[in-house]
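K.L.:
Input file: query-v7.cif. Contents: mmCIF, C-alpha atoms, pLDDT in the B column; chains and numbers go by the auth columns.
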data_protein
loop_
_atom_site.group_PDB
_atom_site.id
_atom_site.type_symbol
_atom_site.label_atom_id
_atom_site.label_comp_id
_atom_site.label_asym_id
_atom_site.label_seq_id
_atom_site.Cartn_x
_atom_site.Cartn_y
_atom_site.Cartn_z
_atom_site.B_iso_or_equiv
_atom_site.auth_seq_id
_atom_site.auth_asym_id
ATOM 1 C CA MET A 1 -35.552 -93.225 75.230 61.00 1 A
ATOM 2 C CA ILE A 2 -33.043 -94.655 77.692 66.00 2 A
ATOM 3 C CA SER A 3 -34.698 -95.668 80.958 66.00 3 A
ATOM 4 C CA GLU A 4 -31.825 -97.371 82.785 79.00 4 A
ATOM 5 C CA GLY A 5 -28.119 -96.827 83.384 88.00 5 A
ATOM 6 C CA THR A 6 -25.911 -94.150 84.876 93.00 6 A
ATOM 7 C CA MET A 7 -25.623 -90.623 83.526 93.00 7 A
ATOM 8 C CA GLN A 8 -22.037 -89.654 82.739 95.00 8 A
ATOM 9 C CA GLN A 9 -20.426 -86.384 81.670 96.00 9 A
ATOM 10 C CA ASP A 10 -16.806 -86.767 80.598 96.00 10 A
ATOM 11 C CA VAL A 11 -15.055 -83.390 80.515 97.00 11 A
ATOM 12 C CA THR A 12 -11.793 -83.214 78.580 98.00 12 A
ATOM 13 C CA SER A 13 -9.260 -80.419 78.297 97.00 13 A
ATOM 14 C CA VAL A 14 -8.337 -79.628 74.685 98.00 14 A
ATOM 15 C CA THR A 15 -5.022 -78.082 73.672 97.00 15 A
ATOM 16 C CA LEU A 16 -4.437 -77.055 70.066 97.00 16 A
ATOM 17 C CA VAL A 17 -1.045 -75.928 68.790 97.00 17 A
ATOM 18 C CA ASN A 18 0.164 -74.071 65.715 96.00 18 A
ATOM 19 C CA ASP A 19 -0.937 -75.678 62.442 95.00 19 A
ATOM 20 C CA THR A 20 -1.194 -79.167 63.956 96.00 20 A
ATOM 21 C CA ALA A 21 -4.097 -81.606 63.913 97.00 21 A
ATOM 22 C CA LYS A 22 -5.420 -82.935 67.210 98.00 22 A
ATOM 23 C CA THR A 23 -7.128 -86.261 67.895 98.00 23 A
ATOM 24 C CA ILE A 24 -8.883 -87.344 71.069 98.00 24 A
ATOM 25 C CA ASP A 25 -10.178 -90.918 71.290 98.00 25 A
ATOM 26 C CA THR A 26 -12.321 -92.703 73.812 97.00 26 A
ATOM 27 C CA VAL A 27 -13.289 -96.371 73.801 97.00 27 A
ATOM 28 C CA VAL A 28 -16.391 -97.964 75.309 96.00 28 A
ATOM 29 C CA PRO A 29 -15.026 -100.322 78.008 95.00 29 A
ATOM 30 C CA ALA A 30 -15.684 -104.070 78.013 94.00 30 A
ATOM 31 C CA GLY A 31 -18.965 -104.993 79.651 93.00 31 A
ATOM 32 C CA GLU A 32 -20.569 -101.621 78.969 94.00 32 A
ATOM 33 C CA ARG A 33 -22.705 -99.880 76.398 94.00 33 A
ATOM 34 C CA TYR A 34 -23.063 -96.139 75.886 95.00 34 A
ATOM 35 C CA ALA A 35 -26.129 -94.220 74.833 93.00 35 A
ATOM 36 C CA LEU A 36 -24.467 -91.109 73.504 92.00 36 A
ATOM 37 C CA LEU A 37 -26.692 -88.105 74.173 90.00 37 A
ATOM 38 C CA GLY A 38 -24.557 -85.099 73.308 90.00 38 A
ATOM 39 C CA ILE A 39 -21.071 -83.823 72.555 93.00 39 A
ATOM 40 C CA ARG A 40 -19.781 -80.298 73.127 94.00 40 A
ATOM 41 C CA ILE A 41 -16.900 -79.357 70.841 95.00 41 A
ATOM 42 C CA VAL A 42 -14.847 -76.175 71.260 96.00 42 A
ATOM 43 C CA ASN A 43 -12.206 -74.668 69.003 96.00 43 A
ATOM 44 C CA PRO A 44 -10.092 -72.564 71.394 97.00 44 A
ATOM 45 C CA ASP A 45 -7.594 -71.612 68.666 97.00 45 A
ATOM 46 C CA ASN A 46 -7.508 -68.273 66.848 96.00 46 A
ATOM 47 C CA VAL A 47 -8.079 -69.845 63.424 97.00 47 A
ATOM 48 C CA ASP A 48 -11.032 -71.884 62.157 97.00 48 A
ATOM 49 C CA ARG A 49 -10.743 -75.650 62.539 97.00 49 A
ATOM 50 C CA ILE A 50 -12.680 -78.399 60.772 96.00 50 A
ATOM 51 C CA VAL A 51 -13.760 -80.907 63.405 96.00 51 A
ATOM 52 C CA SER A 52 -14.968 -84.436 62.696 94.00 52 A
ATOM 53 C CA ILE A 53 -16.375 -87.087 64.999 94.00 53 A
ATOM 54 C CA THR A 54 -16.226 -90.677 63.785 94.00 54 A
ATOM 55 C CA ILE A 55 -17.446 -93.827 65.467 95.00 55 A
ATOM 56 C CA TYR A 56 -15.339 -96.896 64.789 97.00 56 A
ATOM 57 C CA LYS A 57 -16.185 -100.509 65.532 97.00 57 A
ATOM 58 C CA GLU A 58 -12.925 -101.079 67.394 96.00 58 A
ATOM 59 C CA ALA A 59 -10.165 -99.264 69.269 94.00 59 A
ATOM 60 C CA ALA A 60 -7.769 -99.826 66.349 95.00 60 A
ATOM 61 C CA LYS A 61 -10.076 -97.577 64.259 96.00 61 A
ATOM 62 C CA THR A 62 -10.194 -99.899 61.268 96.00 62 A
ATOM 63 C CA ASN A 63 -13.912 -100.095 60.469 97.00 63 A
ATOM 64 C CA VAL A 64 -16.078 -96.977 60.401 95.00 64 A
ATOM 65 C CA ILE A 65 -19.578 -97.288 61.830 94.00 65 A
ATOM 66 C CA ALA A 66 -20.579 -93.681 61.221 91.00 66 A
ATOM 67 C CA GLU A 67 -19.257 -90.174 60.848 91.00 67 A
ATOM 68 C CA ILE A 68 -21.641 -88.150 62.979 89.00 68 A
ATOM 69 C CA PHE A 69 -20.048 -84.693 62.751 90.00 69 A
ATOM 70 C CA ASN A 70 -17.916 -82.824 60.229 91.00 70 A
ATOM 71 C CA ILE A 71 -18.187 -79.084 60.601 91.00 71 A
ATOM 72 C CA THR A 72 -15.955 -76.023 60.520 93.00 72 A
ATOM 73 C CA VAL A 73 -15.846 -74.618 64.031 94.00 73 A
ATOM 74 C CA PRO A 74 -14.890 -70.927 63.872 94.00 74 A
ATOM 75 C CA ALA A 75 -12.042 -69.587 65.998 95.00 75 A
ATOM 76 C CA THR A 76 -12.846 -69.531 69.735 94.00 76 A
ATOM 77 C CA GLN A 77 -16.360 -70.874 69.053 93.00 77 A
ATOM 78 C CA LYS A 78 -18.218 -74.048 69.989 92.00 78 A
ATOM 79 C CA LYS A 79 -20.626 -76.510 68.403 91.00 79 A
ATOM 80 C CA TYR A 80 -22.813 -79.323 69.641 90.00 80 A
ATOM 81 C CA TRP A 81 -23.740 -82.783 68.430 88.00 81 A
ATOM 82 C CA PRO A 82 -26.532 -83.510 67.741 85.00 82 A
ATOM 83 C CA ASN A 83 -27.707 -80.292 66.183 75.00 83 A
ATOM 84 C CA THR A 84 -29.352 -80.029 62.804 60.00 84 A
ATOM 85 C CA THR A 85 -28.618 -76.313 62.661 65.00 85 A
ATOM 86 C CA VAL A 86 -24.993 -76.189 61.600 64.00 86 A
ATOM 87 C CA ALA A 87 -24.592 -72.495 62.316 59.00 87 A
ATOM 88 C CA SER A 88 -25.797 -72.785 65.894 62.00 88 A
ATOM 89 C CA ALA A 89 -23.519 -72.852 68.902 64.00 89 A
ATOM 90 C CA VAL A 90 -26.435 -73.805 71.118 63.00 90 A
ATOM 91 C CA ARG A 91 -27.656 -77.327 71.741 60.00 91 A
ATOM 92 C CA TRP A 92 -31.162 -77.274 70.372 60.00 92 A
ATOM 93 C CA ASN A 93 -33.247 -78.649 67.530 58.00 93 A
ATOM 94 C CA ALA A 94 -31.789 -82.052 68.189 54.00 94 A
ATOM 95 C CA THR A 95 -33.638 -84.630 66.160 58.00 95 A
ATOM 96 C CA SER A 96 -31.429 -87.641 66.835 58.00 96 A
ATOM 97 C CA PRO A 97 -32.293 -88.919 70.325 62.00 97 A
ATOM 98 C CA GLU A 98 -29.135 -90.885 71.010 77.00 98 A
ATOM 99 C CA GLU A 99 -26.423 -93.032 69.446 87.00 99 A
ATOM 100 C CA LEU A 100 -26.025 -96.487 70.948 91.00 100 A
ATOM 101 C CA LEU A 101 -22.446 -97.776 71.192 94.00 101 A
ATOM 102 C CA GLU A 102 -21.307 -101.237 72.172 94.00 102 A
ATOM 103 C CA ALA A 103 -18.224 -102.330 74.098 95.00 103 A
ATOM 104 C CA GLY A 104 -15.093 -101.796 72.066 96.00 104 A
ATOM 105 C CA ASN A 105 -16.524 -99.038 69.895 97.00 105 A
ATOM 106 C CA SER A 106 -14.256 -96.013 69.591 97.00 106 A
ATOM 107 C CA ILE A 107 -15.271 -92.361 69.335 97.00 107 A
ATOM 108 C CA SER A 108 -12.600 -90.315 67.574 98.00 108 A
ATOM 109 C CA VAL A 109 -12.712 -86.522 67.569 98.00 109 A
ATOM 110 C CA VAL A 110 -10.306 -84.788 65.164 98.00 110 A
ATOM 111 C CA TRP A 111 -9.512 -81.078 64.931 98.00 111 A
ATOM 112 C CA LEU A 112 -7.777 -80.612 61.576 97.00 112 A
ATOM 113 C CA ALA A 113 -4.862 -78.214 61.287 96.00 113 A
ATOM 114 C CA GLY A 114 -6.092 -74.731 60.453 94.00 114 A
ATOM 115 C CA GLY A 115 -2.928 -72.969 59.328 94.00 115 A
ATOM 116 C CA ALA A 116 -0.604 -70.766 61.327 96.00 116 A
ATOM 117 C CA SER A 117 -2.095 -69.929 64.715 95.00 117 A
ATOM 118 C CA ALA A 118 -1.297 -68.991 68.281 95.00 118 A
ATOM 119 C CA GLY A 119 -2.625 -72.268 69.667 95.00 119 A
ATOM 120 C CA ALA A 120 -4.807 -72.359 72.754 96.00 120 A
ATOM 121 C CA THR A 121 -6.338 -74.575 75.397 97.00 121 A
ATOM 122 C CA ASP A 122 -9.815 -74.950 76.838 97.00 122 A
ATOM 123 C CA ALA A 123 -10.403 -76.781 80.110 95.00 123 A
ATOM 124 C CA ASP A 124 -13.766 -78.094 78.903 95.00 124 A
ATOM 125 C CA GLY A 125 -13.129 -78.173 75.178 96.00 125 A
ATOM 126 C CA LEU A 126 -14.712 -81.590 74.712 97.00 126 A
ATOM 127 C CA VAL A 127 -17.610 -82.920 76.757 97.00 127 A
ATOM 128 C CA PHE A 128 -19.328 -86.274 76.200 96.00 128 A
ATOM 129 C CA SER A 129 -22.759 -86.705 77.772 94.00 129 A
ATOM 130 C CA TYR A 130 -23.959 -90.292 77.783 94.00 130 A
ATOM 131 C CA VAL A 131 -25.774 -92.961 79.725 93.00 131 A
ATOM 132 C CA LYS A 132 -23.616 -95.925 80.710 93.00 132 A
ATOM 133 C CA ILE A 133 -25.480 -99.221 80.522 91.00 133 A
ATOM 134 C CA ALA A 134 -24.295 -102.693 81.490 86.00 134 A
ATOM 135 C CA SER A 135 -23.961 -105.027 78.505 79.00 135 A
ATOM 136 C CA ARG A 136 -26.286 -107.967 78.219 73.00 136 A
ATOM 137 C CA GLY A 137 -25.789 -111.140 76.225 62.00 137 A
ATOM 138 C CA MET B 1 -9.221 -91.240 77.002 96.00 138 B
ATOM 139 C CA LYS B 2 -6.282 -90.747 74.645 97.00 139 B
ATOM 140 C CA GLU B 3 -4.963 -87.734 72.738 97.00 140 B
ATOM 141 C CA SER B 4 -2.531 -87.277 69.915 97.00 141 B
ATOM 142 C CA CYS B 5 0.893 -85.954 70.820 97.00 142 B
ATOM 143 C CA PRO B 6 1.834 -82.942 68.647 96.00 143 B
ATOM 144 C CA TYR B 7 5.502 -83.899 68.881 96.00 144 B
ATOM 145 C CA CYS B 8 5.539 -87.596 67.952 96.00 145 B
ATOM 146 C CA GLY B 9 2.015 -87.955 66.523 95.00 146 B
ATOM 147 C CA LYS B 10 1.202 -91.065 68.550 96.00 147 B
ATOM 148 C CA MET B 11 -1.853 -91.490 70.771 97.00 148 B
ATOM 149 C CA THR B 12 -1.041 -91.133 74.450 97.00 149 B
ATOM 150 C CA ASP B 13 -3.118 -91.637 77.593 97.00 150 B
ATOM 151 C CA MET B 14 -4.721 -88.680 79.353 97.00 151 B
ATOM 152 C CA GLN B 15 -5.165 -88.514 83.130 97.00 152 B
ATOM 153 C CA LEU B 16 -8.291 -87.803 85.145 96.00 153 B
ATOM 154 C CA VAL B 17 -7.652 -84.868 87.485 95.00 154 B
ATOM 155 C CA GLU B 18 -10.518 -83.692 89.682 94.00 155 B
ATOM 156 C CA GLY B 19 -13.096 -84.901 87.200 93.00 156 B
ATOM 157 C CA VAL B 20 -11.419 -83.511 84.081 96.00 157 B
ATOM 158 C CA TRP B 21 -9.359 -85.470 81.553 97.00 158 B
ATOM 159 C CA LYS B 22 -6.056 -83.625 81.140 97.00 159 B
ATOM 160 C CA SER B 23 -2.791 -84.015 79.298 97.00 160 B
ATOM 161 C CA LYS B 24 0.238 -85.669 80.835 96.00 161 B
ATOM 162 C CA THR B 25 3.728 -86.638 79.680 97.00 162 B
ATOM 163 C CA CYS B 26 3.791 -88.599 76.422 97.00 163 B
ATOM 164 C CA ASP B 27 5.818 -91.779 76.006 95.00 164 B
ATOM 165 C CA CYS B 28 8.138 -89.725 73.776 96.00 165 B
ATOM 166 C CA GLY B 29 9.094 -87.713 76.853 96.00 166 B
ATOM 167 C CA LYS B 30 7.333 -84.458 75.972 97.00 167 B
ATOM 168 C CA ASP B 31 5.278 -82.909 78.772 97.00 168 B
ATOM 169 C CA LEU B 32 1.894 -82.168 77.182 97.00 169 B
ATOM 170 C CA ALA B 33 0.569 -80.671 80.435 96.00 170 B
ATOM 171 C CA ALA B 34 3.316 -78.070 80.263 96.00 171 B
ATOM 172 C CA LEU B 35 2.441 -77.458 76.623 96.00 172 B
ATOM 173 C CA ALA B 36 -1.178 -76.800 77.618 95.00 173 B
ATOM 174 C CA LYS B 37 0.003 -74.185 80.115 95.00 174 B
ATOM 175 C CA SER B 38 2.224 -72.517 77.527 95.00 175 B
ATOM 176 C CA VAL B 39 -0.607 -71.539 75.168 95.00 176 B
ATOM 177 C CA PRO B 40 -3.407 -69.014 75.826 94.00 177 B
ATOM 178 C CA GLU B 41 -6.466 -70.312 77.677 94.00 178 B
ATOM 179 C CA LEU B 42 -9.835 -69.718 76.094 92.00 179 B
ATOM 180 C CA VAL B 43 -11.987 -67.532 78.311 85.00 180 B
ATOM 181 C CA GLU B 44 -15.595 -67.858 77.290 75.00 181 B
ATOM 182 C CA GLU B 45 -17.812 -64.826 77.481 73.00 182 B
ATOM 183 C CA GLN B 46 -20.081 -64.711 80.485 72.00 183 B
ATOM 184 C CA PRO B 47 -23.117 -62.501 80.973 69.00 184 B
ATOM 185 C CA ASP B 48 -22.386 -59.337 82.928 72.00 185 B
ATOM 186 C CA LEU B 49 -24.621 -59.753 85.970 73.00 186 B
ATOM 187 C CA GLU B 50 -23.455 -56.408 87.370 76.00 187 B
ATOM 188 C CA SER B 51 -24.670 -54.350 84.423 70.00 188 B
ATOM 189 C CA LYS B 52 -27.483 -51.930 85.106 72.00 189 B
ATOM 190 C CA GLU B 53 -30.869 -52.625 83.686 72.00 190 B
ATOM 191 C CA VAL B 54 -31.849 -50.162 80.991 73.00 191 B
ATOM 192 C CA LEU B 55 -35.553 -49.569 80.778 73.00 192 B
ATOM 193 C CA PRO B 56 -37.145 -48.176 77.620 72.00 193 B
#
If you convert what's in this file into structure tokens, what do you get?

P.N.:
Amino acid sequence: MISEGTMQQDVTSVTLVNDTAKTIDTVVPAGERYALLGIRIVNPDNVDRIVSITIYKEAAKTNVIAEIFNITVPATQKKYWPNTTVASAVRWNATSPEELLEAGNSISVVWLAGGASAGATDADGLVFSYVKIASRG
Amino acid sequence: MKESCPYCGKMTDMQLVEGVWKSKTCDCGKDLAALAKSVPELVEEQPDLESKEVLP
């Protein structure tokens, strides 16, 4: 359990357009570490979208550390990481306490294209909850 | 925070506006903020706090 650091909640607007994949990346800044506690993922579009979340070692996204999420998010619905109940849109039953990320690690969230759609936006379609911790040698 | 541009496919910076990361103009010249305003906005269902309580 994390006992130091600063709680952060990064809210990101997500816009999906007709039959087009969407990627949103964030990189852990130099001198910091993240203890990733939760991610809220919304599919605002009117077709289902497969969403994946991959952690890479570096911003260039060359080396994969882990794929922590790969789930079909139904149209206009939401999912949470971590959640061992795939069908649930509620953050519960979380068995993984946190994911520790070091400076330079990249979190990449991808909404795959879902076929012809109206497209849509959600002001809080992606929310990272994490504790920011200063790096130590 | 970066997002993919649906026009050129490249990753472009987002901007922090009042605590929310939002789209801005891509290096390719396309205004992604305008694109966001051109599509429907998801309105999540909220509980109806005005509804009358129905007792059995």

K.L.:
Could you work out how far CA of Glu140 (chain B) lies from CA of Gly166 (chain B), giving the answer in Å with one decimal?

P.N.:
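Separating CA of Gly166 (chain B) from CA of Glu140 (chain B) is a distance of 14.6 Å.
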
K.L.:
Considering only C-alpha atoms, give me a table of residues in chain A that are at most 12 Å from chain B, with the closest atom pair and distance in Å for each, as a Markdown table.

P.N.:
| residue | atom | partner | partner_atom | distance |
| --- | --- | --- | --- | --- |
| A:Gln8 | CA | B:Gly156 | CA | 11.1 |
| A:Gln9 | CA | B:Gly156 | CA | 9.3 |
| A:Asp10 | CA | B:Val157 | CA | 7.2 |
| A:Val11 | CA | B:Val157 | CA | 5.1 |
| A:Thr12 | CA | B:Trp158 | CA | 4.5 |
| A:Ser13 | CA | B:Lys159 | CA | 5.4 |
| A:Val14 | CA | B:Lys159 | CA | 7.9 |
| A:Thr15 | CA | B:Ala173 | CA | 5.7 |
| A:Leu16 | CA | B:Ala173 | CA | 8.2 |
| A:Val17 | CA | B:Pro143 | CA | 7.6 |
| A:Asn18 | CA | B:Pro143 | CA | 9.5 |
| A:Asp19 | CA | B:Pro143 | CA | 9.9 |
| A:Thr20 | CA | B:Pro143 | CA | 6.7 |
| A:Ala21 | CA | B:Pro143 | CA | 7.7 |
| A:Lys22 | CA | B:Ser141 | CA | 5.9 |
| A:Thr23 | CA | B:Ser141 | CA | 5.1 |
| A:Ile24 | CA | B:Glu140 | CA | 4.3 |
| A:Asp25 | CA | B:Lys139 | CA | 5.1 |
| A:Thr26 | CA | B:Met138 | CA | 4.7 |
| A:Val27 | CA | B:Met138 | CA | 7.3 |
| A:Val28 | CA | B:Met138 | CA | 10.0 |
| A:Pro29 | CA | B:Met138 | CA | 10.8 |
| A:Val42 | CA | B:Leu179 | CA | 9.5 |
| A:Asn43 | CA | B:Leu179 | CA | 9.0 |
| A:Pro44 | CA | B:Leu179 | CA | 5.5 |
| A:Asp45 | CA | B:Leu179 | CA | 8.0 |
| A:Asn46 | CA | B:Leu179 | CA | 9.6 |
| A:Ala59 | CA | B:Lys139 | CA | 10.8 |
| A:Ala60 | CA | B:Met148 | CA | 11.1 |
| A:Ala75 | CA | B:Leu179 | CA | 10.3 |
| A:Thr76 | CA | B:Leu179 | CA | 7.0 |
| A:Gln77 | CA | B:Glu181 | CA | 8.8 |
| A:Lys78 | CA | B:Glu181 | CA | 9.9 |
| A:Ser106 | CA | B:Met138 | CA | 10.2 |
| A:Ile107 | CA | B:Met138 | CA | 9.8 |
| A:Ser108 | CA | B:Lys139 | CA | 9.5 |
| A:Val109 | CA | B:Glu140 | CA | 9.4 |
| A:Val110 | CA | B:Ser141 | CA | 9.4 |
| A:Trp111 | CA | B:Ser141 | CA | 10.6 |
| A:Leu112 | CA | B:Ser141 | CA | 11.9 |
| A:Ala113 | CA | B:Pro143 | CA | 11.0 |
| A:Ser117 | CA | B:Val176 | CA | 10.7 |
| A:Ala118 | CA | B:Val176 | CA | 7.4 |
| A:Gly119 | CA | B:Val176 | CA | 5.9 |
| A:Ala120 | CA | B:Pro177 | CA | 4.8 |
| A:Thr121 | CA | B:Glu178 | CA | 4.8 |
| A:Asp122 | CA | B:Leu179 | CA | 5.3 |
| A:Ala123 | CA | B:Val157 | CA | 7.9 |
| A:Asp124 | CA | B:Val157 | CA | 7.9 |
| A:Gly125 | CA | B:Leu179 | CA | 9.1 |
| A:Leu126 | CA | B:Trp158 | CA | 9.5 |
| A:Val127 | CA | B:Val157 | CA | 9.6 |
| A:Phe128 | CA | B:Met138 | CA | 11.3 |

K.L.:
What is the CA of Val131 (chain A) to CA of Glu4 (chain A) distance in Å?

P.N.:
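Taking CA of Val131 (chain A) as the start and CA of Glu4 (chain A) as the end point, the length is 8.1 Å.
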
K.L.:
Need the neighbours of (-16.3, -86.5, 64.5): which residues are at most 7 Å away, counting all atoms listed in the file, as a list in words?

P.N.:
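Output of the proximity query reads Val51, Ser52, Ile53, Thr54, Glu67, Ile68, Phe69, Asn70, Ser108, Val109 and Val110 of chain A.
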
K.L.:
Mind giving me the straight-line distance from CA of Gly104 (chain A) to CA of Met7 (chain A) in Å, one decimal?

P.N.:
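These two atoms are separated by 19.2 Å.
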
K.L.:
Can you give me, as a list in words, the residues this file yields under the PyMOL selection byres ((chain A and resi 72) around 8)?

P.N.:
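So the PyMOL selection byres ((chain A and resi 72) around 8) ends up selecting Asp48, Arg49, Ile50, Val51, Asn70, Ile71, Val73 and Pro74 of chain A.
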
K.L.:
Please, could you write that set of residues out with C-alpha atoms as a PDB file, in the frame of the given file?

P.N.:
ATOM      1  CA  ASP A  48     -11.032 -71.884  62.157  1.00 97.00           C
ATOM      2  CA  ARG A  49     -10.743 -75.650  62.539  1.00 97.00           C
ATOM      3  CA  ILE A  50     -12.680 -78.399  60.772  1.00 96.00           C
ATOM      4  CA  VAL A  51     -13.760 -80.907  63.405  1.00 96.00           C
ATOM      5  CA  ASN A  70     -17.916 -82.824  60.229  1.00 91.00           C
ATOM      6  CA  ILE A  71     -18.187 -79.084  60.601  1.00 91.00           C
ATOM      7  CA  VAL A  73     -15.846 -74.618  64.031  1.00 94.00           C
ATOM      8  CA  PRO A  74     -14.890 -70.927  63.872  1.00 94.00           C
TER       9      PRO A  74
END

K.L.:
Choose the residue, out of A:Arg40, A:Arg33, A:Lys57, A:Lys79, that has the smallest atom-to-atom separation from Leu100 (chain A); count only C-alpha atoms.

P.N.:
A:Arg33

K.L.:
Around the point (-15.9, -97.3, 65.1), in the coordinates given by the file, pick out the residues reaching within 6 Å, counting only C-alpha atoms, and return them as a list of chain:residue names.

P.N.:
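Residues with an atom close enough to that point: A:Ile55, A:Tyr56, A:Lys57, A:Glu58, A:Lys61, A:Asn63, A:Val64, A:Ile65, A:Asn105, A:Ser106.
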
K.L.:
On this file, the PyMOL selection byres ((chain A and resi 132-137) around 6) gives some set of residues; write that set as a list in words.

P.N.:
Gly5, Thr6, Gly31, Glu32, Arg33, Tyr34 and Val131 of chain A

K.L.:
Just write chain B with C-alpha atoms, as an mmCIF file, in the first residue's frame, taken from the block above.

P.N.:
data_model
loop_
_atom_site.group_PDB
_atom_site.id
_atom_site.type_symbol
_atom_site.label_atom_id
_atom_site.label_comp_id
_atom_site.auth_asym_id
_atom_site.auth_seq_id
_atom_site.Cartn_x
_atom_site.Cartn_y
_atom_site.Cartn_z
ATOM 1 C CA MET B 138 -0.799 13.860 -22.532
ATOM 2 C CA LYS B 139 -0.932 13.142 -26.261
ATOM 3 C CA GLU B 140 -3.692 11.921 -28.572
ATOM 4 C CA SER B 141 -3.773 10.556 -32.068
ATOM 5 C CA CYS B 142 -4.996 12.894 -34.776
ATOM 6 C CA PRO B 143 -7.751 11.259 -36.877
ATOM 7 C CA TYR B 144 -6.635 13.246 -39.916
ATOM 8 C CA CYS B 145 -2.873 12.649 -40.062
ATOM 9 C CA GLY B 146 -2.566 9.749 -37.593
ATOM 10 C CA LYS B 147 0.305 11.321 -35.664
ATOM 11 C CA MET B 148 0.376 11.860 -31.902
ATOM 12 C CA THR B 149 -0.265 15.461 -30.933
ATOM 13 C CA ASP B 150 -0.148 17.277 -27.597
ATOM 14 C CA MET B 151 -3.327 17.909 -25.620
ATOM 15 C CA GLN B 152 -3.852 21.016 -23.485
ATOM 16 C CA LEU B 153 -4.896 21.278 -19.853
ATOM 17 C CA VAL B 154 -7.992 23.478 -19.580
ATOM 18 C CA GLU B 155 -9.502 23.997 -16.135
ATOM 19 C CA GLY B 156 -8.209 20.664 -14.916
ATOM 20 C CA VAL B 157 -9.229 18.632 -17.967
ATOM 21 C CA TRP B 158 -6.951 17.485 -20.788
ATOM 22 C CA LYS B 159 -8.583 18.576 -24.050
ATOM 23 C CA SER B 160 -7.865 18.515 -27.749
ATOM 24 C CA LYS B 161 -6.204 21.386 -29.557
ATOM 25 C CA THR B 162 -4.960 22.067 -33.085
ATOM 26 C CA CYS B 163 -2.717 19.335 -34.489
ATOM 27 C CA ASP B 164 0.586 20.099 -36.192
ATOM 28 C CA CYS B 165 -1.141 19.117 -39.452
ATOM 29 C CA GLY B 166 -3.368 22.165 -39.034
ATOM 30 C CA LYS B 167 -6.617 20.381 -38.176
ATOM 31 C CA ASP B 168 -8.511 21.794 -35.195
ATOM 32 C CA LEU B 169 -9.278 18.759 -33.021
ATOM 33 C CA ALA B 170 -11.123 20.916 -30.467
ATOM 34 C CA ALA B 171 -13.556 21.916 -33.191
ATOM 35 C CA LEU B 172 -13.885 18.266 -34.170
ATOM 36 C CA ALA B 173 -14.811 17.401 -30.576
ATOM 37 C CA LYS B 174 -17.575 20.012 -30.679
ATOM 38 C CA SER B 175 -18.892 18.689 -33.984
ATOM 39 C CA VAL B 176 -19.798 15.225 -32.676
ATOM 40 C CA PRO B 177 -22.511 14.347 -30.122
ATOM 41 C CA GLU B 178 -21.539 14.606 -26.454
ATOM 42 C CA LEU B 179 -22.159 11.592 -24.276
ATOM 43 C CA VAL B 180 -24.640 12.410 -21.537
ATOM 44 C CA GLU B 181 -24.407 9.829 -18.807
ATOM 45 C CA GLU B 182 -27.552 8.786 -17.029
ATOM 46 C CA GLN B 183 -28.048 10.355 -13.640
ATOM 47 C CA PRO B 184 -30.445 9.233 -10.930
ATOM 48 C CA ASP B 185 -33.728 11.125 -10.937
ATOM 49 C CA LEU B 186 -33.699 12.773 -7.516
ATOM 50 C CA GLU B 187 -37.091 14.372 -8.179
ATOM 51 C CA SER B 188 -38.938 11.092 -8.660
ATOM 52 C CA LYS B 189 -41.549 10.235 -6.074
ATOM 53 C CA GLU B 190 -40.902 7.427 -3.694
ATOM 54 C CA VAL B 191 -43.161 4.458 -4.300
ATOM 55 C CA LEU B 192 -43.920 2.493 -1.189
ATOM 56 C CA PRO B 193 -45.106 -1.113 -1.379
#
